[in-house]
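Shown next, in structure tokens, is the structure this report addresses.
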Amino acid sequence: MQPFFLPHVGTNYAKTGLLVLGESHYCNKLCRNCGHCGAHPECANFTTNVIRGYLNPNVEREGWMNTYLKFERSLVGHKTNINESSLIWDEVAFYNYLQVPMKAPRQAGTKAQYKQSEDAFFSVLETLRPQLMIVWGKRLWHHLPYTYWSDSEPLIINFDSKEHEEVGYYTLPSGHVVHALGVYHPSAAYSWNEWYNVIETIKKKINYGYINL
Ligand SMILES: [Zn+2]
């Protein structure tokens with residue numbers, strides 16, 4: 001099953017093979033059945049429009065944009081400006097897992113809604129074939145499907161020798177392996193320089209073969 005809410009796929013995504021996984025779409029149309037209602041086909045581009053709004057310097061800066069700013073900095077390990085933001089988001093893909101819109105930002109889905117989004121998720125993984133997927137937030141991490149899943153040994157962070165347990169991988173039916181790393185949700189307290197160390201550590205561990213951001 002193809003997703004209704006499509007991923008943002010940067011034009012240079014192939015350079016990094018990096019997929020960022022968010023949790024949900026928050027729709028102010030208050031359509032509880034979007035994707036099935038048929039009335040809002042434009043909602044399919046929700047994710048792309050969010051990224052576009054974030055990257056458009058003419059759009060007034062709003063609080064939610066900090067989520068994207070903090071996260072992109074944890075990818076490169078330094079402060080970024082709007083030009084770098086564009087380059088970074090052009091080299092990654094971003095997909096929101098839940099295929100049912102939520103009524104408020106950061107609201108949790110039901111167990112059934114996570115389950116019901118599995119097929120679309122795997123179809124996105126099979127299409128994009130990321131090498132690394134970075135998952136936003138523990139809640140989403142714990143709701144990800146176990147199909148095709150294997151846990152990895154905890155990651156020992158190069159920088160401070162702490163252990164990080166949210167690591168594993170999917171082996172897709174095609175044989176393609178997608179490594180996964182769970183991070184704190186960047187909308188909350190998120191120290192981008194600490195997460196940069198974690199992300200760099202997993203890249204080394206999986207022999208990340210792509211061009212660095
Ligand atoms: Zn709708």
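Numbering starts fresh at 1 for the residues of each chain in the structure tokens, the chains themselves are lettered A, B, ... in the order given, and ligands are numbered from 1 as they appear.
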Using only C-alpha atoms and all ligand atoms, what are the residues with an atom within 6 Å of ligand 1, set out as a list in words?
->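 Taking only C-alpha atoms and all ligand atoms into account, the residues around ligand 1 at most 6 Å away are Cys31, Asn33, Cys34, Gly35, Cys37, Ala39 and His40 of chain A.
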Can you spit out the residues from that selection as a short mmCIF file (atom, residue, chain, number, x, y, z; two decimals), in the first residue's frame, using C-alpha atoms?
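Contents of out14.cif, freshly written:
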data_model
loop_
_atom_site.label_atom_id
_atom_site.label_comp_id
_atom_site.auth_asym_id
_atom_site.auth_seq_id
_atom_site.Cartn_x
_atom_site.Cartn_y
_atom_site.Cartn_z
CA CYS A 31 -10.43 15.99 8.79
CA ASN A 33 -10.10 10.55 7.83
CA CYS A 34 -7.80 12.37 5.47
CA GLY A 35 -6.37 10.20 2.79
CA CYS A 37 -12.07 11.26 2.66
CA ALA A 39 -11.89 15.83 -0.27
CA HIS A 40 -8.32 16.96 0.44
#
Could you give me, as a list in words, the residues within 9 Å of A:Thr67, counting only C-alpha atoms and dropping anything in the same chain fewer than 6 positions from it?
->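 Once the adjacent positions are removed, what remains is His185, Pro186, Ser187, Ala188 and Tyr190 of chain A.
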Can you spit out the residues from that selection as a tab-separated table (two decimals), in the first residue's frame, using N, CA and C atoms?
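As a result, selection_20.tsv now contains:
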chain	number	residue	atom	x	y	z
A	185	HIS	N	12.95	13.55	20.56
A	185	HIS	CA	12.22	14.39	19.61
A	185	HIS	C	12.81	15.79	19.64
A	186	PRO	N	13.24	16.32	18.48
A	186	PRO	CA	13.90	17.62	18.49
A	186	PRO	C	12.98	18.80	18.80
A	187	SER	N	11.68	18.56	18.98
A	187	SER	CA	10.81	19.67	19.40
A	187	SER	C	10.94	19.90	20.90
A	188	ALA	N	11.47	18.90	21.61
A	188	ALA	CA	11.65	19.02	23.07
A	188	ALA	C	13.11	19.39	23.34
A	190	TYR	N	16.67	19.13	23.20
A	190	TYR	CA	17.44	18.36	22.23
A	190	TYR	C	18.77	19.07	22.06
Separation of atom CA of A:Val76 from atom CA of A:Ser191 in Å | 12.9 Å
Check the smallest atom-to-atom distance from each of A:Ile88, A:Leu172, A:Leu132, A:Ala112 to A:Ser150 using only C-alpha atoms, then report the winner.
->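 So, comparing all the options, the nearest one is A:Leu172.
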Pull the alpha helix (DSSP H) assignments for stretch 60-107 of chain A out of DSSP run on the backbone, and list those residues as a list in words.
-> Met65, Asn66, Thr67, Tyr68, Leu69, Lys70, Phe71, Glu72, Arg73, Ser74, Leu75, Val76, Ile82, Asn83, Glu84, Ser85, Ser86, Leu87, Ile88 and Trp89 of chain A
Selected residues, N, CA, C and O atoms, written as a CSV table (one decimal), in the first residue's frame, please.
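Dumped to again-v2.csv:
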chain,number,residue,atom,x,y,z
A,65,MET,N,9.5,25.8,13.9
A,65,MET,CA,10.7,25.7,13.0
A,65,MET,C,11.9,25.3,13.7
A,65,MET,O,12.9,24.8,13.1
A,66,ASN,N,12.0,25.6,15.0
A,66,ASN,CA,13.1,25.2,15.8
A,66,ASN,C,13.4,23.7,15.8
A,66,ASN,O,14.5,23.3,16.0
A,67,THR,N,12.3,23.0,15.7
A,67,THR,CA,12.5,21.5,15.7
A,67,THR,C,13.4,21.1,14.5
A,67,THR,O,14.3,20.3,14.6
A,68,TYR,N,13.2,21.7,13.3
A,68,TYR,CA,13.9,21.4,12.1
A,68,TYR,C,15.3,22.0,12.2
A,68,TYR,O,16.3,21.4,11.8
A,69,LEU,N,15.4,23.2,12.8
A,69,LEU,CA,16.7,23.8,13.0
A,69,LEU,C,17.6,23.0,13.9
A,69,LEU,O,18.8,22.7,13.5
A,70,LYS,N,17.1,22.6,15.0
A,70,LYS,CA,17.9,21.8,16.0
A,70,LYS,C,18.4,20.5,15.4
A,70,LYS,O,19.5,20.1,15.5
A,71,PHE,N,17.4,19.9,14.7
A,71,PHE,CA,17.7,18.6,14.1
A,71,PHE,C,18.8,18.7,13.0
A,71,PHE,O,19.8,17.9,13.0
A,72,GLU,N,18.7,19.7,12.1
A,72,GLU,CA,19.7,19.8,11.0
A,72,GLU,C,21.1,20.0,11.6
A,72,GLU,O,22.1,19.6,11.1
A,73,ARG,N,21.1,20.8,12.7
A,73,ARG,CA,22.4,21.1,13.3
A,73,ARG,C,23.0,19.8,13.9
A,73,ARG,O,24.3,19.6,13.9
A,74,SER,N,22.2,18.9,14.3
A,74,SER,CA,22.7,17.6,14.9
A,74,SER,C,23.2,16.7,13.7
A,74,SER,O,23.9,15.8,13.9
A,75,LEU,N,22.9,17.1,12.5
A,75,LEU,CA,23.4,16.3,11.3
A,75,LEU,C,24.8,16.8,10.9
A,75,LEU,O,25.6,16.1,10.4
A,76,VAL,N,25.0,18.1,11.1
A,76,VAL,CA,26.3,18.7,10.7
A,76,VAL,C,27.2,19.1,11.8
A,76,VAL,O,28.4,19.3,11.6
A,82,ILE,N,20.2,29.9,6.9
A,82,ILE,CA,19.1,29.5,6.0
A,82,ILE,C,19.6,28.8,4.7
A,82,ILE,O,19.0,27.9,4.2
A,83,ASN,N,20.8,29.3,4.2
A,83,ASN,CA,21.3,28.7,3.0
A,83,ASN,C,21.7,27.2,3.2
A,83,ASN,O,21.5,26.3,2.4
A,84,GLU,N,22.4,27.0,4.4
A,84,GLU,CA,22.8,25.6,4.7
A,84,GLU,C,21.5,24.8,5.0
A,84,GLU,O,21.5,23.6,4.7
A,85,SER,N,20.5,25.4,5.6
A,85,SER,CA,19.3,24.6,5.9
A,85,SER,C,18.8,24.0,4.6
A,85,SER,O,18.4,22.8,4.5
A,86,SER,N,18.8,24.8,3.5
A,86,SER,CA,18.3,24.4,2.2
A,86,SER,C,19.1,23.2,1.7
A,86,SER,O,18.5,22.2,1.2
A,87,LEU,N,20.4,23.4,1.8
A,87,LEU,CA,21.3,22.3,1.3
A,87,LEU,C,21.0,21.0,2.1
A,87,LEU,O,21.0,20.0,1.5
A,88,ILE,N,20.9,21.1,3.4
A,88,ILE,CA,20.8,19.9,4.2
A,88,ILE,C,19.5,19.2,3.9
A,88,ILE,O,19.4,18.0,3.6
A,89,TRP,N,18.3,20.0,3.9
A,89,TRP,CA,17.1,19.3,3.6
A,89,TRP,C,16.9,18.8,2.2
A,89,TRP,O,16.1,18.0,1.9
Could you pull the residues within 6 Å of stretch 113-130 of chain A, counting only C-alpha atoms, minus those fewer than 4 positions along the same chain, as a ChimeraX atom specification?
-> /A:1-3,17-19,98-99,109,178
Just the selected residues (C-alpha atoms), exported as a compact mmCIF listing (two decimals), in the first residue's frame, please.
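Listed below is the output, again34.txt:
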# COMPACT_ATOMS: atom_id res chain seq x y z
CA MET A 1 0.00 0.00 0.00
CA GLN A 2 1.35 3.39 -1.00
CA PRO A 3 1.23 6.16 1.59
CA GLY A 17 20.60 7.83 1.70
CA LEU A 18 19.41 9.38 4.93
CA LEU A 19 15.75 9.16 5.90
CA LEU A 98 1.25 7.86 10.92
CA GLN A 99 -1.07 7.89 7.96
CA GLY A 109 -1.86 7.80 17.62
CA VAL A 178 17.96 -0.02 6.72
Within 12 Å of A:Leu30, counting only C-alpha atoms, which residues qualify if same-chain residues fewer than 5 places away don't, as a PyMOL selection string?
-> chain A and resi 25+37+40+43+100-104
Write a file of the selected residues as a compact mmCIF listing (two decimals), in the first residue's frame, keeping C-alpha atoms.
# COMPACT_ATOMS: atom_id res chain seq x y z
CA HIS A 25 0.69 15.05 10.46
CA CYS A 37 -12.07 11.26 2.66
CA HIS A 40 -8.32 16.96 0.44
CA CYS A 43 -2.94 17.05 2.02
CA VAL A 100 -3.99 9.36 9.89
CA PRO A 101 -3.88 13.07 10.73
CA MET A 102 -3.77 14.07 14.39
CA LYS A 103 -5.92 16.83 15.84
CA ALA A 104 -3.08 18.54 17.67
Atom CA of A:Asp90 to atom CA of A:Leu144, distance in Å rounded to a single decimal = 25.5 Å
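The nearest approach to A:Val92 among the residues A:Thr110, A:Glu194, A:Ile206, A:His8, with only C-alpha atoms taken into account, belongs to A:His8.
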Straight-line distance linking atom CA of A:Lys203 with atom CA of A:Phe94, stated in Å to one decimal =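 Computing the Euclidean distance for atom CA of A:Lys203 and atom CA of A:Phe94 yields 18.2 Å.
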What lies within 7 Å of A:Gly168 using only C-alpha atoms, ignoring chain neighbours under 6 positions off, as a list in words?
-> Ser150, Asp151, Ser152, His179, Ala180 and Leu181 of chain A
Only N, CA and C atoms, please: the residues just picked out, written as a compact mmCIF listing (two decimals), in the first residue's frame.
# COMPACT_ATOMS: atom_id res chain seq x y z
N SER A 150 15.51 -6.21 13.54
CA SER A 150 16.48 -6.81 14.46
C SER A 150 17.06 -5.72 15.33
N ASP A 151 17.21 -6.02 16.62
CA ASP A 151 17.91 -5.08 17.51
C ASP A 151 19.40 -5.16 17.23
N SER A 152 20.10 -4.05 17.46
CA SER A 152 21.57 -4.07 17.40
C SER A 152 22.10 -3.95 18.81
N HIS A 179 19.46 0.72 8.48
CA HIS A 179 19.85 0.92 9.88
C HIS A 179 18.99 2.01 10.49
N ALA A 180 18.66 1.84 11.77
CA ALA A 180 17.78 2.81 12.42
C ALA A 180 18.39 3.28 13.73
N LEU A 181 18.23 4.56 13.97
CA LEU A 181 18.71 5.17 15.21
C LEU A 181 17.58 6.02 15.78
Top pick for closest residue to A:Glu200, considering A:Thr171, A:Asn58, A:Asn158, A:Thr147 and counting only C-alpha atoms |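 Result for the nearest residue to A:Glu200: A:Asn158.
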Counting only C-alpha atoms, the residue of A:Cys27, A:Leu21, A:Ile157, A:Ile211 that sits nearest A:Tyr184 = A:Leu21
Tell me which protein, DNA and RNA residues are within 9 Å of A:Thr201, counting only C-alpha atoms, leaving out same-chain ones fewer than 3 positions away, and put them as a PyMOL selection string.
-> chain A and resi 155-159+196-198+204-206
